[in-house]
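A short worksheet on the structure shown next.
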Amino acid sequence: MSRPRDLGTLFDDLVARRVRTRVVLSRPLDIAPEFGTSYDMPAVAALVRNVAGWLHAAGVRPGDRVAVVKRNHWDYVLIACAAIRVGAVPALLSDQLAPHALEVLLERLDPALLITTRAVLDTARAHGITLIARAARTTTLEGRYPDTINLERLTGHEPPAPSPRDDDDPLLVVHTSGTTGVPKLVVHTNRTLVDGLAAAEATRLPIVSARRRDTVCSAISYSHGRAVPWTASVLWLAPREVVIIDAPDTAETVLREHPPTTLEALPSTFVRWRPLLEQPDHPLRGVRLFISTFDAVHPPTVRAFLAATRRRPLWVQVWGQTETGPLTFRFLTRRSLAARDARHPTTRNLGRPAPGRTRLRVVDPRTFQPVPRGTPGLVLAKTPTRCVDYVGEHDRWLAKTDGEWWNTGDMGMRTRWGSYLMLDREVDVLPGQSCVELEDVLEERVTNVVECVVLATPGRLPQPVVVTRDGQLDVGQWRHALRDLPALADPVVLAWEQIPRTGTGKVRRMELRAVLRSGQDTFGTGRWT
């Protein structure tokens with residue numbers, strides 16, 4: 001086989017291909033805490049088969065849904081592969097979701113089995129919510145819990161033979177970020193997720209693909225839709241090592257023991273790792289390729305990482321959505337970020353769509369008629385990797401489709417050279433301006449700012465919220481940074497931990513409004529969130 005085809009037998013196929021990649025973990029897996037932090041492909045394949053045996057013993061059958069809610073780690077992906085192997089549809093839910101959101105999502109899923117942890121169940125119970133009531137059966141990964149199946153009863157069972165499914169049948173359910181409320185449950189198929197996303201990335205390309213000598217590091221949310229096709233594609237390319245980071249705060253030791261040559265991380269993780277770069281012997285100095293998806297990364301962060309490696313590095317900026325996969329790509333170098341202090345920093349330019357694969361167009365959000373280049377509008381996408389439904393919200397999915405076109409809910413514009421500039425989410429739009437641009441400029445000009453969020457509210461000045469290195473803000477530098485910007489409200493300085501975030505580190509802007517008591521009114525309609 002020249003590309004991955006079946007997630008249920010993925011690791012058996014990798015063993016058959018004699019892939020010698022070693023997987024190194026920042027901590028042991030929650031589904032195998034006694035097996036350490038280093039795996040070869042036969043060991044991972046055996047673990048997936050064992051988990052498939054657990055699922056079958058728990059009564060999971062083809063077509064059933066299996067919900068997974070646990071602490072972030074790569075075993076989300078392994079459980080998903082095991083569930084697919086027995087013909088079930090895994091649904092991966094972040095434990096960072098609020099209990100009421102988890103309850104709603106589980107009600108929509110109606111899972112045959114919920115795999116979770118005592119911490120998740122206890123947190124929900126403290127909010128008056130009994131999550132196990134939303135699943136036919138529940139098991140916890142750390143031992144006994146009232147009214148759940150003891151995991152020890154499920155271990156040691158032989159799995160059934162792999163269960164085939166049609167390429168257009170539901171394969172995997174993942175959820176959107178949920179920055180504006182309860183996330184949507186996104187349904188992907190083998191055609192969209194494996195044949196589309198994983199197979200494309202498993203094609204060996206110059207510079208951007210993993211090489212056999214690489215140590216590939218991933219520090220992302222493994223409940224996110226990105227994690228499954230990433231796993232399939234990167235292991236298909238058979239690098240020397242794959243390093244899995246589950247939490248940014250505990251990463252330095254494993255990074256020093258296994259210094260990466262390629263690194264993909266959440267934007268918030270890149271921000272939190274910037275202090276590492278101040279050490280002369282920091283573990284990222286050998287990185288040749290940085291990859292960023294999930295959310296915007298502001299210029300100072302990109303520049304810091306590109307400047308901190310002894311290689312001639314490349315930064316790959318990808319814009320896409322859980323529903324579509326990647327839509328545009330942009331390559332950034334030290335030279336492309338050399339200019340500083342501009343009103344229009346480079347990272348808002350998202351590049352161009354993948355040729356021959358994805359088409360974009362910008363339309364008026366009221367009439368849906370195309371607008372000229374250089375005119376802001378709503379961005380629509382046409383791609384073969386579009387999701388096929390939202391669980392429990394089919395009408396909402398239909399409302400975002402227009403034939404083969406998908407409404408991204410993002411406001412942007414096409415430049416005269418054919419690339420796309422990101423402005424804001426439609427719900428967060430600032431008429432005549434761009435919150436993302438203001439955030440870019442303020443982070444660029446105010447050296448002590450770690451993160452800046454600008455909230456737009458009708459009848460009020462845009463509200464900047466900043467996180468600084470030491471909790472202080474230089475008033476004189478701030479005022480100088482505003483010299484050619486529109487009028488803004490006085491900044492609010494918060495600690496990193498005070499900013500509400502999703503499982504992928506995105507700011508929950510509506511919840512942040514609640515923290516500030518600034519109300520929930522926005523200029524956007526929120527119709528396409």
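Identifiers in the structure tokens: chain A, B, ... in order shown; residue index from 1 per chain; ligand index from 1 in order shown.
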Tell me, as a compact mmCIF listing (two decimals) with all heavy atoms, in the first residue's frame, which residues lie within 8 Å of Pro170 (chain A), counting only C-alpha atoms; anything in the same chain fewer than 6 positions away does not count.
```
# COMPACT_ATOMS: atom_id res chain seq x y z
N VAL A 89 -17.99 3.72 16.10
CA VAL A 89 -17.65 5.09 15.73
C VAL A 89 -17.18 5.81 16.99
O VAL A 89 -17.99 6.13 17.87
CB VAL A 89 -18.87 5.83 15.13
CG1 VAL A 89 -18.50 7.26 14.76
CG2 VAL A 89 -19.40 5.07 13.92
N VAL A 187 -18.84 14.95 12.04
CA VAL A 187 -18.75 13.56 11.57
C VAL A 187 -17.86 13.50 10.32
O VAL A 187 -18.12 14.17 9.32
CB VAL A 187 -20.15 13.01 11.22
CG1 VAL A 187 -20.04 11.54 10.78
CG2 VAL A 187 -21.09 13.14 12.41
N HIS A 188 -16.81 12.69 10.41
CA HIS A 188 -15.96 12.42 9.25
C HIS A 188 -16.07 10.95 8.85
O HIS A 188 -16.44 10.09 9.66
CB HIS A 188 -14.50 12.77 9.55
CG HIS A 188 -14.18 14.21 9.32
ND1 HIS A 188 -14.10 14.76 8.06
CD2 HIS A 188 -13.94 15.23 10.20
CE1 HIS A 188 -13.81 16.06 8.16
NE2 HIS A 188 -13.71 16.36 9.45
N THR A 189 -15.72 10.68 7.61
CA THR A 189 -15.77 9.32 7.06
C THR A 189 -14.36 8.89 6.65
O THR A 189 -13.42 9.68 6.68
CB THR A 189 -16.68 9.28 5.82
OG1 THR A 189 -16.07 10.08 4.79
CG2 THR A 189 -18.07 9.82 6.14
N ASN A 190 -14.25 7.66 6.21
CA ASN A 190 -12.97 7.19 5.70
C ASN A 190 -12.56 7.99 4.46
O ASN A 190 -11.39 8.31 4.25
CB ASN A 190 -13.05 5.70 5.34
CG ASN A 190 -11.69 5.03 5.38
OD1 ASN A 190 -11.12 4.83 6.45
ND2 ASN A 190 -11.15 4.71 4.20
```
Non-local contacts of region 466-473 of chain A (7 Å; only C-alpha atoms; under 3 positions in same chain excluded) as a PyMOL selection string = chain A and resi 448-453+491-496
Please produce a file of the residues just selected, as a PDB file, in the first residue's frame, where the atoms kept are N, CA and C atoms.
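Everything below was put into result-v1.pdb:
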```
ATOM      1  N   ASN A 448       6.410  43.453  26.520  1.00  0.00           N
ATOM      2  CA  ASN A 448       6.114  42.640  27.693  1.00  0.00           C
ATOM      3  C   ASN A 448       4.835  41.837  27.554  1.00  0.00           C
ATOM      4  N   VAL A 449       4.092  42.051  26.453  1.00  0.00           N
ATOM      5  CA  VAL A 449       2.809  41.368  26.273  1.00  0.00           C
ATOM      6  C   VAL A 449       3.038  39.949  25.742  1.00  0.00           C
ATOM      7  N   VAL A 450       2.521  38.974  26.456  1.00  0.00           N
ATOM      8  CA  VAL A 450       2.584  37.570  26.037  1.00  0.00           C
ATOM      9  C   VAL A 450       1.408  37.234  25.134  1.00  0.00           C
ATOM     10  N   GLU A 451       0.244  37.771  25.455  1.00  0.00           N
ATOM     11  CA  GLU A 451      -0.957  37.517  24.654  1.00  0.00           C
ATOM     12  C   GLU A 451      -1.873  38.719  24.742  1.00  0.00           C
ATOM     13  N   CYS A 452      -2.509  39.038  23.620  1.00  0.00           N
ATOM     14  CA  CYS A 452      -3.470  40.143  23.564  1.00  0.00           C
ATOM     15  C   CYS A 452      -4.749  39.649  22.901  1.00  0.00           C
ATOM     16  N   VAL A 453      -5.882  39.970  23.494  1.00  0.00           N
ATOM     17  CA  VAL A 453      -7.191  39.641  22.941  1.00  0.00           C
ATOM     18  C   VAL A 453      -7.988  40.938  22.871  1.00  0.00           C
ATOM     19  N   PRO A 491      -6.597  49.035  28.608  1.00  0.00           N
ATOM     20  CA  PRO A 491      -6.370  47.587  28.638  1.00  0.00           C
ATOM     21  C   PRO A 491      -6.653  46.981  30.015  1.00  0.00           C
ATOM     22  N   VAL A 492      -7.133  45.757  30.002  1.00  0.00           N
ATOM     23  CA  VAL A 492      -7.300  44.958  31.219  1.00  0.00           C
ATOM     24  C   VAL A 492      -6.179  43.931  31.246  1.00  0.00           C
ATOM     25  N   VAL A 493      -5.434  43.891  32.347  1.00  0.00           N
ATOM     26  CA  VAL A 493      -4.323  42.953  32.476  1.00  0.00           C
ATOM     27  C   VAL A 493      -4.793  41.766  33.324  1.00  0.00           C
ATOM     28  N   LEU A 494      -4.709  40.561  32.747  1.00  0.00           N
ATOM     29  CA  LEU A 494      -5.074  39.335  33.453  1.00  0.00           C
ATOM     30  C   LEU A 494      -3.904  38.359  33.438  1.00  0.00           C
ATOM     31  N   ALA A 495      -3.932  37.411  34.338  1.00  0.00           N
ATOM     32  CA  ALA A 495      -2.958  36.322  34.324  1.00  0.00           C
ATOM     33  C   ALA A 495      -3.375  35.291  33.284  1.00  0.00           C
ATOM     34  N   TRP A 496      -2.414  34.502  32.802  1.00  0.00           N
ATOM     35  CA  TRP A 496      -2.704  33.465  31.808  1.00  0.00           C
ATOM     36  C   TRP A 496      -3.854  32.577  32.262  1.00  0.00           C
TER      37      TRP A 496
END
```
List every residue of region 35-263 of chain A that DSSP, applied to the backbone of this structure, places in strand (DSSP E), and write the result as a count of residues only.
-> 43
Spatial neighbours of region 113-123 of chain A, 10 Å, only C-alpha atoms, chain gap at least 5 places, as a PDB file with N, CA and C atoms, in the first residue's frame:
```pdb
ATOM      1  N   ASP A  30      -2.624   6.689  29.631  1.00  0.00           N
ATOM      2  CA  ASP A  30      -3.644   6.402  30.639  1.00  0.00           C
ATOM      3  C   ASP A  30      -4.243   5.012  30.464  1.00  0.00           C
ATOM      4  N   LEU A  55     -13.203  -3.286  24.326  1.00  0.00           N
ATOM      5  CA  LEU A  55     -14.437  -2.699  23.811  1.00  0.00           C
ATOM      6  C   LEU A  55     -15.461  -3.780  23.476  1.00  0.00           C
ATOM      7  N   ALA A  58     -16.975  -5.168  26.478  1.00  0.00           N
ATOM      8  CA  ALA A  58     -17.923  -4.236  27.090  1.00  0.00           C
ATOM      9  C   ALA A  58     -19.235  -4.164  26.323  1.00  0.00           C
ATOM     10  N   GLY A  59     -19.358  -4.945  25.248  1.00  0.00           N
ATOM     11  CA  GLY A  59     -20.603  -4.990  24.493  1.00  0.00           C
ATOM     12  C   GLY A  59     -20.666  -4.058  23.303  1.00  0.00           C
ATOM     13  N   VAL A  60     -19.546  -3.438  22.945  1.00  0.00           N
ATOM     14  CA  VAL A  60     -19.532  -2.541  21.796  1.00  0.00           C
ATOM     15  C   VAL A  60     -19.608  -3.362  20.517  1.00  0.00           C
ATOM     16  N   ASP A  64     -22.067   1.106  16.831  1.00  0.00           N
ATOM     17  CA  ASP A  64     -22.197   1.790  18.116  1.00  0.00           C
ATOM     18  C   ASP A  64     -21.263   3.002  18.177  1.00  0.00           C
ATOM     19  N   ARG A  65     -21.603   3.934  19.027  1.00  0.00           N
ATOM     20  CA  ARG A  65     -20.715   5.062  19.304  1.00  0.00           C
ATOM     21  C   ARG A  65     -20.002   4.839  20.639  1.00  0.00           C
ATOM     22  N   VAL A  66     -18.727   5.157  20.650  1.00  0.00           N
ATOM     23  CA  VAL A  66     -17.906   5.064  21.856  1.00  0.00           C
ATOM     24  C   VAL A  66     -17.380   6.456  22.164  1.00  0.00           C
ATOM     25  N   ALA A  67     -17.806   7.034  23.278  1.00  0.00           N
ATOM     26  CA  ALA A  67     -17.354   8.372  23.668  1.00  0.00           C
ATOM     27  C   ALA A  67     -16.145   8.252  24.579  1.00  0.00           C
ATOM     28  N   VAL A  68     -15.171   9.125  24.367  1.00  0.00           N
ATOM     29  CA  VAL A  68     -13.943   9.132  25.161  1.00  0.00           C
ATOM     30  C   VAL A  68     -13.747  10.536  25.723  1.00  0.00           C
ATOM     31  N   VAL A  69     -13.655  10.634  27.057  1.00  0.00           N
ATOM     32  CA  VAL A  69     -13.383  11.911  27.729  1.00  0.00           C
ATOM     33  C   VAL A  69     -12.332  11.653  28.793  1.00  0.00           C
ATOM     34  N   LYS A  70     -11.155  12.206  28.625  1.00  0.00           N
ATOM     35  CA  LYS A  70     -10.056  11.919  29.550  1.00  0.00           C
ATOM     36  C   LYS A  70      -9.016  13.021  29.477  1.00  0.00           C
ATOM     37  N   ARG A  71      -7.977  12.862  30.270  1.00  0.00           N
ATOM     38  CA  ARG A  71      -6.855  13.797  30.246  1.00  0.00           C
ATOM     39  C   ARG A  71      -6.161  13.722  28.885  1.00  0.00           C
ATOM     40  N   ILE A  79      -7.389   4.591  21.238  1.00  0.00           N
ATOM     41  CA  ILE A  79      -8.749   4.125  21.520  1.00  0.00           C
ATOM     42  C   ILE A  79      -9.623   4.270  20.279  1.00  0.00           C
ATOM     43  N   PRO A  90     -15.894   6.058  17.120  1.00  0.00           N
ATOM     44  CA  PRO A  90     -15.401   6.767  18.305  1.00  0.00           C
ATOM     45  C   PRO A  90     -15.763   8.240  18.250  1.00  0.00           C
ATOM     46  N   ALA A  91     -16.057   8.821  19.407  1.00  0.00           N
ATOM     47  CA  ALA A  91     -16.317  10.252  19.551  1.00  0.00           C
ATOM     48  C   ALA A  91     -15.365  10.777  20.612  1.00  0.00           C
ATOM     49  N   LEU A  92     -14.443  11.645  20.213  1.00  0.00           N
ATOM     50  CA  LEU A  92     -13.383  12.123  21.094  1.00  0.00           C
ATOM     51  C   LEU A  92     -13.759  13.487  21.663  1.00  0.00           C
ATOM     52  N   LEU A  93     -13.888  13.557  22.975  1.00  0.00           N
ATOM     53  CA  LEU A  93     -14.331  14.776  23.652  1.00  0.00           C
ATOM     54  C   LEU A  93     -13.258  15.228  24.642  1.00  0.00           C
ATOM     55  N   ASP A  95     -11.564  16.777  27.912  1.00  0.00           N
ATOM     56  CA  ASP A  95     -11.961  16.919  29.314  1.00  0.00           C
ATOM     57  C   ASP A  95     -11.939  18.381  29.758  1.00  0.00           C
ATOM     58  N   GLN A  96     -11.509  19.297  28.855  1.00  0.00           N
ATOM     59  CA  GLN A  96     -11.544  20.727  29.169  1.00  0.00           C
ATOM     60  C   GLN A  96     -12.911  21.341  28.919  1.00  0.00           C
ATOM     61  N   LEU A  97     -13.835  20.576  28.354  1.00  0.00           N
ATOM     62  CA  LEU A  97     -15.192  21.073  28.156  1.00  0.00           C
ATOM     63  C   LEU A  97     -15.908  21.192  29.495  1.00  0.00           C
ATOM     64  N   ALA A  98     -16.754  22.194  29.603  1.00  0.00           N
ATOM     65  CA  ALA A  98     -17.538  22.373  30.821  1.00  0.00           C
ATOM     66  C   ALA A  98     -18.492  21.187  30.992  1.00  0.00           C
ATOM     67  N   PRO A  99     -18.791  20.807  32.230  1.00  0.00           N
ATOM     68  CA  PRO A  99     -19.694  19.659  32.445  1.00  0.00           C
ATOM     69  C   PRO A  99     -21.024  19.763  31.725  1.00  0.00           C
ATOM     70  N   LEU A 102     -20.418  18.840  28.132  1.00  0.00           N
ATOM     71  CA  LEU A 102     -20.238  17.387  28.002  1.00  0.00           C
ATOM     72  C   LEU A 102     -21.584  16.671  28.076  1.00  0.00           C
ATOM     73  N   LEU A 106     -22.956  14.317  25.082  1.00  0.00           N
ATOM     74  CA  LEU A 106     -23.229  12.894  25.318  1.00  0.00           C
ATOM     75  C   LEU A 106     -24.695  12.566  25.038  1.00  0.00           C
ATOM     76  N   GLY A 128     -23.699  19.027  39.721  1.00  0.00           N
ATOM     77  CA  GLY A 128     -25.034  18.455  39.685  1.00  0.00           C
ATOM     78  C   GLY A 128     -25.355  17.665  38.441  1.00  0.00           C
ATOM     79  N   ILE A 129     -24.325  17.196  37.730  1.00  0.00           N
ATOM     80  CA  ILE A 129     -24.515  16.492  36.457  1.00  0.00           C
ATOM     81  C   ILE A 129     -23.981  15.073  36.577  1.00  0.00           C
ATOM     82  N   THR A 130     -24.790  14.101  36.193  1.00  0.00           N
ATOM     83  CA  THR A 130     -24.386  12.691  36.221  1.00  0.00           C
ATOM     84  C   THR A 130     -24.147  12.236  34.791  1.00  0.00           C
ATOM     85  N   LEU A 131     -22.884  12.244  34.376  1.00  0.00           N
ATOM     86  CA  LEU A 131     -22.574  11.922  32.983  1.00  0.00           C
ATOM     87  C   LEU A 131     -22.867  10.474  32.636  1.00  0.00           C
ATOM     88  N   ILE A 132     -22.715   9.569  33.603  1.00  0.00           N
ATOM     89  CA  ILE A 132     -22.932   8.157  33.275  1.00  0.00           C
ATOM     90  C   ILE A 132     -24.385   7.884  32.904  1.00  0.00           C
ATOM     91  N   ARG A 134     -25.881   9.428  30.702  1.00  0.00           N
ATOM     92  CA  ARG A 134     -25.983   9.743  29.281  1.00  0.00           C
ATOM     93  C   ARG A 134     -25.351   8.672  28.393  1.00  0.00           C
ATOM     94  N   ALA A 135     -24.913   7.565  28.969  1.00  0.00           N
ATOM     95  CA  ALA A 135     -24.319   6.468  28.198  1.00  0.00           C
ATOM     96  C   ALA A 135     -24.917   5.150  28.657  1.00  0.00           C
ATOM     97  N   ALA A 136     -25.013   4.204  27.726  1.00  0.00           N
ATOM     98  CA  ALA A 136     -25.550   2.886  28.099  1.00  0.00           C
ATOM     99  C   ALA A 136     -24.664   2.218  29.138  1.00  0.00           C
ATOM    100  N   ARG A 137     -23.339   2.342  28.960  1.00  0.00           N
ATOM    101  CA  ARG A 137     -22.374   1.776  29.909  1.00  0.00           C
ATOM    102  C   ARG A 137     -21.199   2.735  30.023  1.00  0.00           C
ATOM    103  N   THR A 138     -20.524   2.693  31.157  1.00  0.00           N
ATOM    104  CA  THR A 138     -19.377   3.565  31.395  1.00  0.00           C
ATOM    105  C   THR A 138     -18.267   2.763  32.055  1.00  0.00           C
ATOM    106  N   THR A 139     -17.018   3.052  31.666  1.00  0.00           N
ATOM    107  CA  THR A 139     -15.870   2.502  32.373  1.00  0.00           C
ATOM    108  C   THR A 139     -14.865   3.616  32.617  1.00  0.00           C
ATOM    109  N   THR A 140     -14.194   3.550  33.752  1.00  0.00           N
ATOM    110  CA  THR A 140     -13.165   4.540  34.069  1.00  0.00           C
ATOM    111  C   THR A 140     -11.791   3.882  33.966  1.00  0.00           C
ATOM    112  N   LEU A 141     -10.797   4.686  33.649  1.00  0.00           N
ATOM    113  CA  LEU A 141      -9.470   4.154  33.366  1.00  0.00           C
ATOM    114  C   LEU A 141      -8.625   3.927  34.613  1.00  0.00           C
ATOM    115  N   GLU A 142      -9.065   4.427  35.781  1.00  0.00           N
ATOM    116  CA  GLU A 142      -8.199   4.297  36.959  1.00  0.00           C
ATOM    117  C   GLU A 142      -8.717   3.295  37.982  1.00  0.00           C
ATOM    118  N   GLY A 143      -9.705   2.497  37.645  1.00  0.00           N
ATOM    119  CA  GLY A 143     -10.189   1.518  38.614  1.00  0.00           C
ATOM    120  C   GLY A 143     -11.674   1.663  38.862  1.00  0.00           C
ATOM    121  N   ARG A 144     -12.108   1.182  40.011  1.00  0.00           N
ATOM    122  CA  ARG A 144     -13.537   1.106  40.326  1.00  0.00           C
ATOM    123  C   ARG A 144     -14.155   2.486  40.531  1.00  0.00           C
ATOM    124  N   TYR A 145     -15.421   2.566  40.096  1.00  0.00           N
ATOM    125  CA  TYR A 145     -16.227   3.779  40.299  1.00  0.00           C
ATOM    126  C   TYR A 145     -17.678   3.323  40.327  1.00  0.00           C
ATOM    127  N   PRO A 146     -18.484   3.883  41.240  1.00  0.00           N
ATOM    128  CA  PRO A 146     -19.878   3.411  41.357  1.00  0.00           C
ATOM    129  C   PRO A 146     -20.634   3.451  40.033  1.00  0.00           C
ATOM    130  N   THR A 148     -20.264   1.865  37.282  1.00  0.00           N
ATOM    131  CA  THR A 148     -19.500   1.722  36.042  1.00  0.00           C
ATOM    132  C   THR A 148     -18.933   0.315  35.948  1.00  0.00           C
ATOM    133  N   ILE A 149     -18.498  -0.056  34.753  1.00  0.00           N
ATOM    134  CA  ILE A 149     -17.862  -1.362  34.555  1.00  0.00           C
ATOM    135  C   ILE A 149     -16.406  -1.267  35.007  1.00  0.00           C
ATOM    136  N   LEU A 151     -12.753  -1.813  34.752  1.00  0.00           N
ATOM    137  CA  LEU A 151     -11.912  -2.068  33.587  1.00  0.00           C
ATOM    138  C   LEU A 151     -11.203  -3.420  33.679  1.00  0.00           C
TER     139      LEU A 151
END
```
Can you tell me, as a list in words, what residues are no more than 10 Å from Arg396 (chain A) when counting only C-alpha atoms, ignoring any on the same chain fewer than 4 positions away?
->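 Within the cut-off, the hits are Lys184, Asp389, Tyr390, Val391, Gly392, Lys400, Thr401, Arg527, Trp528 and Thr529 of chain A.
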Selection to disk with N, CA, C and O atoms, as a PDB file, in the first residue's frame:
```pdb
ATOM      1  N   LYS A 184     -19.800  21.814  18.316  1.00  0.00           N
ATOM      2  CA  LYS A 184     -20.533  20.969  17.366  1.00  0.00           C
ATOM      3  C   LYS A 184     -19.814  19.637  17.244  1.00  0.00           C
ATOM      4  O   LYS A 184     -18.586  19.570  17.315  1.00  0.00           O
ATOM      5  N   ASP A 389     -21.650  15.753   8.413  1.00  0.00           N
ATOM      6  CA  ASP A 389     -22.808  16.070   9.260  1.00  0.00           C
ATOM      7  C   ASP A 389     -22.328  16.596  10.609  1.00  0.00           C
ATOM      8  O   ASP A 389     -21.142  16.523  10.941  1.00  0.00           O
ATOM      9  N   TYR A 390     -23.288  17.152  11.373  1.00  0.00           N
ATOM     10  CA  TYR A 390     -23.134  17.419  12.799  1.00  0.00           C
ATOM     11  C   TYR A 390     -24.081  16.476  13.540  1.00  0.00           C
ATOM     12  O   TYR A 390     -25.282  16.438  13.226  1.00  0.00           O
ATOM     13  N   VAL A 391     -23.580  15.732  14.504  1.00  0.00           N
ATOM     14  CA  VAL A 391     -24.440  14.828  15.272  1.00  0.00           C
ATOM     15  C   VAL A 391     -25.485  15.639  16.033  1.00  0.00           C
ATOM     16  O   VAL A 391     -25.167  16.569  16.781  1.00  0.00           O
ATOM     17  N   GLY A 392     -26.743  15.294  15.826  1.00  0.00           N
ATOM     18  CA  GLY A 392     -27.823  15.934  16.549  1.00  0.00           C
ATOM     19  C   GLY A 392     -28.155  17.333  16.087  1.00  0.00           C
ATOM     20  O   GLY A 392     -29.055  17.985  16.660  1.00  0.00           O
ATOM     21  N   LYS A 400     -24.897  25.652   6.884  1.00  0.00           N
ATOM     22  CA  LYS A 400     -23.532  26.083   6.550  1.00  0.00           C
ATOM     23  C   LYS A 400     -23.085  25.562   5.194  1.00  0.00           C
ATOM     24  O   LYS A 400     -21.949  25.789   4.782  1.00  0.00           O
ATOM     25  N   THR A 401     -23.974  24.855   4.488  1.00  0.00           N
ATOM     26  CA  THR A 401     -23.638  24.329   3.169  1.00  0.00           C
ATOM     27  C   THR A 401     -24.411  25.073   2.095  1.00  0.00           C
ATOM     28  O   THR A 401     -25.548  25.489   2.301  1.00  0.00           O
ATOM     29  N   ARG A 527     -24.428  33.498  13.183  1.00  0.00           N
ATOM     30  CA  ARG A 527     -25.246  32.487  12.492  1.00  0.00           C
ATOM     31  C   ARG A 527     -24.418  31.297  12.020  1.00  0.00           C
ATOM     32  O   ARG A 527     -24.951  30.208  11.842  1.00  0.00           O
ATOM     33  N   TRP A 528     -23.115  31.501  11.794  1.00  0.00           N
ATOM     34  CA  TRP A 528     -22.314  30.434  11.179  1.00  0.00           C
ATOM     35  C   TRP A 528     -21.186  29.954  12.091  1.00  0.00           C
ATOM     36  O   TRP A 528     -20.177  29.470  11.630  1.00  0.00           O
ATOM     37  N   THR A 529     -21.394  30.095  13.396  1.00  0.00           N
ATOM     38  CA  THR A 529     -20.389  29.598  14.333  1.00  0.00           C
ATOM     39  C   THR A 529     -20.583  28.109  14.548  1.00  0.00           C
ATOM     40  O   THR A 529     -21.606  27.545  14.184  1.00  0.00           O
TER      41      THR A 529
END
```
Record the distance separating CA of Phe329 (chain A) and CA of Arg501 (chain A), expressed in Å with one decimal.
-> 25.1 Å
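Residues in contact with region 373-376 of chain A at 10 Å, where only C-alpha atoms are counted and same-chain residues fewer than 2 positions away are skipped, are listed as Arg361, Val362, Val363, Asp364, Pro365, Pro370, Val371, Leu378, Val379, Met411, Gly412, Met413, Arg414, Thr415, Arg416, Trp417, Gly418, Ser419, Tyr420, Leu421, Met422, Leu423, Pro431 and Gly432 of chain A.
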note - CA of Pro229 (chain A) and CA of Val86 (chain A) are separated by 18.8 Å
Taking the DSSP assignment computed from this structure's backbone, write out as JSON, numbers by chain all residues of region 250-320 of chain A that belong to alpha helix (DSSP H).
-> {"A": [252, 253, 254, 255, 256, 257, 267, 268, 269, 270, 271, 272, 273, 299, 300, 301, 302, 303, 304, 305, 306, 307]}
Have a look at CA of Leu337 (chain A) and CA of Arg303 (chain A) and let me know their distance in Å, one decimal.
->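 Interatomic distance, CA of Leu337 (chain A) to CA of Arg303 (chain A): 6.4 Å.
Each of A:Leu277, A:Leu350, A:Ala342, A:Leu154 was compared to Val318 (chain A) using only C-alpha atoms, and A:Leu350 turns out to be the nearest.
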Contacts of Asp402 (chain A) at 12 Å (only C-alpha atoms; same-chain gap of 6+ positions) as a ChimeraX atom specification | /A:368,380-382,408
Those residues you just picked out, can you put them in a file as a compact mmCIF listing (two decimals), in the first residue's frame with N, CA, C and O atoms?
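Result written to out.txt:
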```txt
# COMPACT_ATOMS: atom_id res chain seq x y z
N PHE A 368 -24.60 36.95 -0.18
CA PHE A 368 -23.81 35.79 -0.60
C PHE A 368 -23.33 35.91 -2.04
O PHE A 368 -22.98 34.92 -2.68
N LEU A 380 -16.02 31.27 1.93
CA LEU A 380 -16.59 29.95 1.65
C LEU A 380 -15.50 29.05 1.08
O LEU A 380 -14.58 29.52 0.42
N ALA A 381 -15.61 27.74 1.34
CA ALA A 381 -14.59 26.79 0.89
C ALA A 381 -15.24 25.61 0.20
O ALA A 381 -16.33 25.18 0.57
N LYS A 382 -14.56 25.11 -0.82
CA LYS A 382 -14.97 23.87 -1.49
C LYS A 382 -13.79 22.90 -1.40
O LYS A 382 -12.71 23.16 -1.90
N THR A 408 -17.34 28.95 6.18
CA THR A 408 -16.36 28.81 7.27
C THR A 408 -16.73 29.65 8.49
O THR A 408 -16.22 29.40 9.58
```
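Proximity to Asp12 (chain A) was assessed for A:Pro62, A:Ala101, A:Ala82, A:His73 counting only C-alpha atoms; the smallest distance is recorded for A:Ala82.
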